[in-house]
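Enquirer: This structure is in structure tokens; I'll ask about it shortly.
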Amino acid sequence: MRVLVLNGSARKNGGTAAMAAAFARGARRAGNEVDVLDIAHMDIRGCLGCEYCHTRGGGVCVQRDDMDGVYPLWDAADVIVVASPIYYGSFSGQMHCLIHRTYAGDKPKGCKAMALLLCSGAKGVYEAAERIYHGFMQGYYGVQDLGVFEATTGEALSGEMAARIEDLGRSLSERVG
């Protein structure tokens with residue numbers, strides 16, 4: 001199974017990165033092919049709303065940046081994991097840019113399931129990101145929801161949370177139909 005993990009945090013050793021790494025570790029141990037993209041360190045510009053992709057572009061964005069490398073992985077993935085810190089009530093700006101830019105190709109072509117990993121310095125701030133995930137991404141794509149994992153930074157760096165998320169990664173073949 002092909003798995004794409006999108007890490008939207010700029011903190012290489014933060015809670016979100018720990019959650020993404022735990023999932024990837026479990027998925028790899030189970031024999032899955034896993035790509036982890038640190039999108040906060042990539043050149044991904046925001047959508048221009050120019051509609052080139054849906055007119056002359058035939059599903060290809062007019063902008064040339066690191067999204068050119070994301071689109072093939074996005075379409076080939078059986079499972080997509082969105083991992084983001086909560087910044088001012090929602091996903092990181094870098095994650096929002098990536099999500100908006102997927103508009104060019106619309107739904108991921110091979111995706112069967114998704115999971116959401118959220119990390120914040122405070123509890124109870126995850127609702128907006130969950131609505132985007134369930135209402136737009138996972139819901140609109142019509143794919144299986146593998147779950148939403150929420151953690152404060154301290155919880156994300158704990159062994160207990162890492163074990164739960166690693167177990168999810170390890171169990172993909174049992175969970176994804």
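Please note that chains go A, B, ... in the order of the structure tokens, that every chain numbers its residues from 1, and that ligands are numbered from 1 in the order shown.
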Mind listing the strand (DSSP E or B) residues of range 81-125 of chain A, per DSSP on the backbone, as a PyMOL selection string?
Expert: chain A and resi 81-85+87+90+113-120
Enquirer: Env of range 34-42 of chain A: 12 Å cut, atoms = only C-alpha atoms, seq-sep filter 5 positions within chain, self excluded. Answer as a ChimeraX atom specification.
Expert: /A:1-13,16-17,19-29,65-74,76-85,91-99,169-170,172
Enquirer: Would you save the residues from that selection as a PDB file, in the first residue's frame, using C-alpha atoms?
Expert:
```
ATOM      1  CA  MET A   1       0.000   0.000   0.000  1.00  0.00           C
ATOM      2  CA  ARG A   2       1.244   3.504  -0.792  1.00  0.00           C
ATOM      3  CA  VAL A   3       1.014   6.030   2.017  1.00  0.00           C
ATOM      4  CA  LEU A   4       1.531   9.792   1.860  1.00  0.00           C
ATOM      5  CA  VAL A   5       2.114  11.650   5.128  1.00  0.00           C
ATOM      6  CA  LEU A   6       1.880  15.438   4.892  1.00  0.00           C
ATOM      7  CA  ASN A   7       3.645  17.107   7.819  1.00  0.00           C
ATOM      8  CA  GLY A   8       2.583  20.748   7.974  1.00  0.00           C
ATOM      9  CA  SER A   9       4.797  21.788  10.878  1.00  0.00           C
ATOM     10  CA  ALA A  10       7.887  23.954  10.578  1.00  0.00           C
ATOM     11  CA  ARG A  11       9.248  22.444  13.821  1.00  0.00           C
ATOM     12  CA  LYS A  12      11.392  19.470  12.832  1.00  0.00           C
ATOM     13  CA  ASN A  13      11.399  18.063  16.383  1.00  0.00           C
ATOM     14  CA  THR A  16       3.373  17.175  14.917  1.00  0.00           C
ATOM     15  CA  ALA A  17       6.624  15.785  13.520  1.00  0.00           C
ATOM     16  CA  MET A  19       3.090  12.108  15.423  1.00  0.00           C
ATOM     17  CA  ALA A  20       3.866  11.915  11.696  1.00  0.00           C
ATOM     18  CA  ALA A  21       7.042   9.929  12.373  1.00  0.00           C
ATOM     19  CA  ALA A  22       5.190   7.440  14.595  1.00  0.00           C
ATOM     20  CA  PHE A  23       2.596   6.802  11.909  1.00  0.00           C
ATOM     21  CA  ALA A  24       5.244   6.430   9.198  1.00  0.00           C
ATOM     22  CA  ARG A  25       7.290   4.070  11.386  1.00  0.00           C
ATOM     23  CA  GLY A  26       4.294   1.793  11.959  1.00  0.00           C
ATOM     24  CA  ALA A  27       3.268   1.843   8.306  1.00  0.00           C
ATOM     25  CA  ARG A  28       6.812   1.013   7.143  1.00  0.00           C
ATOM     26  CA  ARG A  29       7.146  -1.821   9.672  1.00  0.00           C
ATOM     27  CA  ASP A  65       6.882  25.037  -7.490  1.00  0.00           C
ATOM     28  CA  ASP A  66       7.262  22.034  -5.190  1.00  0.00           C
ATOM     29  CA  MET A  67       3.635  21.032  -5.741  1.00  0.00           C
ATOM     30  CA  ASP A  68       4.877  19.526  -9.009  1.00  0.00           C
ATOM     31  CA  GLY A  69       6.420  16.774  -6.871  1.00  0.00           C
ATOM     32  CA  VAL A  70       3.413  16.475  -4.556  1.00  0.00           C
ATOM     33  CA  TYR A  71       0.730  15.866  -7.207  1.00  0.00           C
ATOM     34  CA  PRO A  72       2.033  12.440  -8.352  1.00  0.00           C
ATOM     35  CA  LEU A  73       2.364  11.224  -4.753  1.00  0.00           C
ATOM     36  CA  TRP A  74      -1.084  12.640  -3.920  1.00  0.00           C
ATOM     37  CA  ALA A  76      -0.793   7.482  -6.201  1.00  0.00           C
ATOM     38  CA  ALA A  77      -1.446   7.250  -2.446  1.00  0.00           C
ATOM     39  CA  ASP A  78      -3.872   4.652  -1.120  1.00  0.00           C
ATOM     40  CA  VAL A  79      -3.755   6.409   2.261  1.00  0.00           C
ATOM     41  CA  ILE A  80      -3.176  10.115   2.934  1.00  0.00           C
ATOM     42  CA  VAL A  81      -2.331  11.335   6.428  1.00  0.00           C
ATOM     43  CA  VAL A  82      -2.649  15.041   7.182  1.00  0.00           C
ATOM     44  CA  ALA A  83      -0.504  16.075  10.150  1.00  0.00           C
ATOM     45  CA  SER A  84      -0.638  19.690  11.231  1.00  0.00           C
ATOM     46  CA  PRO A  85      -0.101  21.897  14.217  1.00  0.00           C
ATOM     47  CA  PHE A  91      -4.169  24.057  10.085  1.00  0.00           C
ATOM     48  CA  SER A  92      -0.802  25.713   9.553  1.00  0.00           C
ATOM     49  CA  GLY A  93      -0.664  28.204   6.671  1.00  0.00           C
ATOM     50  CA  GLN A  94       1.617  25.840   4.749  1.00  0.00           C
ATOM     51  CA  MET A  95      -0.970  23.043   5.042  1.00  0.00           C
ATOM     52  CA  HIS A  96      -3.717  25.372   3.875  1.00  0.00           C
ATOM     53  CA  CYS A  97      -1.645  26.276   0.797  1.00  0.00           C
ATOM     54  CA  LEU A  98      -1.179  22.599  -0.074  1.00  0.00           C
ATOM     55  CA  ILE A  99      -4.861  21.787   0.450  1.00  0.00           C
ATOM     56  CA  GLY A 169       0.147   2.841  10.798  1.00  0.00           C
ATOM     57  CA  ARG A 170       0.951  -0.805  11.417  1.00  0.00           C
ATOM     58  CA  LEU A 172      -3.421  -0.267   7.636  1.00  0.00           C
TER      59      LEU A 172
END
```
Enquirer: Would you pick out the contacts of Gly147 in chain A at 12 Å or less, using only C-alpha atoms, so that residues sharing its chain but fewer than 3 positions from it are not included, and give the list as a PyMOL selection string?
Expert: chain A and resi 80-83+113-118+130+133-134+138+143-144+150+164-165+168-169+172+175-176
Enquirer: Can you tell me how far CA of Ala18 in chain A sits from CA of Cys111 in chain A, in Å to one decimal?
Expert: 23.6 Å
Enquirer: Can you work out which one of A:Ala122, A:Phe149, A:His100, A:Ala156 has the shortest atom-to-atom distance to Met137 in chain A, counting only C-alpha atoms?
Expert: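 Of the candidates, the smallest distance to Met137 in chain A is held by A:His100.
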Enquirer: Hey, can you check how far CA of Val148 in chain A sits from CA of Ala30 in chain A?
Expert: 20.6 Å
Enquirer: Would you kindly return, as an NGL selection string, each protein, DNA or RNA residue with an atom no farther than 8 Å from any atom of range 53-61 of chain A, considering only C-alpha atoms and excluding same-chain residues fewer than 4 positions away?
Expert: :A and (101 or 104-106)
Enquirer: Keeping only C-alpha atoms, take the residues you just selected and write them out as a CSV table (one decimal), in the first residue's frame.
Expert:
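Generated output (part.csv):
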```csv
chain,number,residue,atom,x,y,z
A,101,ARG,CA,-3.5,23.8,-4.5
A,104,ALA,CA,-6.1,21.7,-9.7
A,105,GLY,CA,-6.5,18.0,-9.8
A,106,ASP,CA,-9.5,17.7,-7.5
```
Enquirer: To one decimal place in Å, what is the distance between CA of Gly31 in chain A and CA of Thr102 in chain A?
Expert: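 Here the two named atoms are 27.5 Å from each other.
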Enquirer: As an MDAnalysis selection string, please: every residue in range 24-172 of chain A that DSSP puts in helix (DSSP H, G or I).
Expert: chainID A and resid 24:29 39:41 52:54 67:76 93:104 127:141 153:156 159:170 172
Enquirer: Considering only C-alpha atoms, state which residue in the set A:Lys123, A:Arg45, A:Lys112, A:Arg131 is at the smallest distance from Val62 in chain A.
Expert: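 Ranked by minimum distance to Val62 in chain A, first place goes to A:Arg45.
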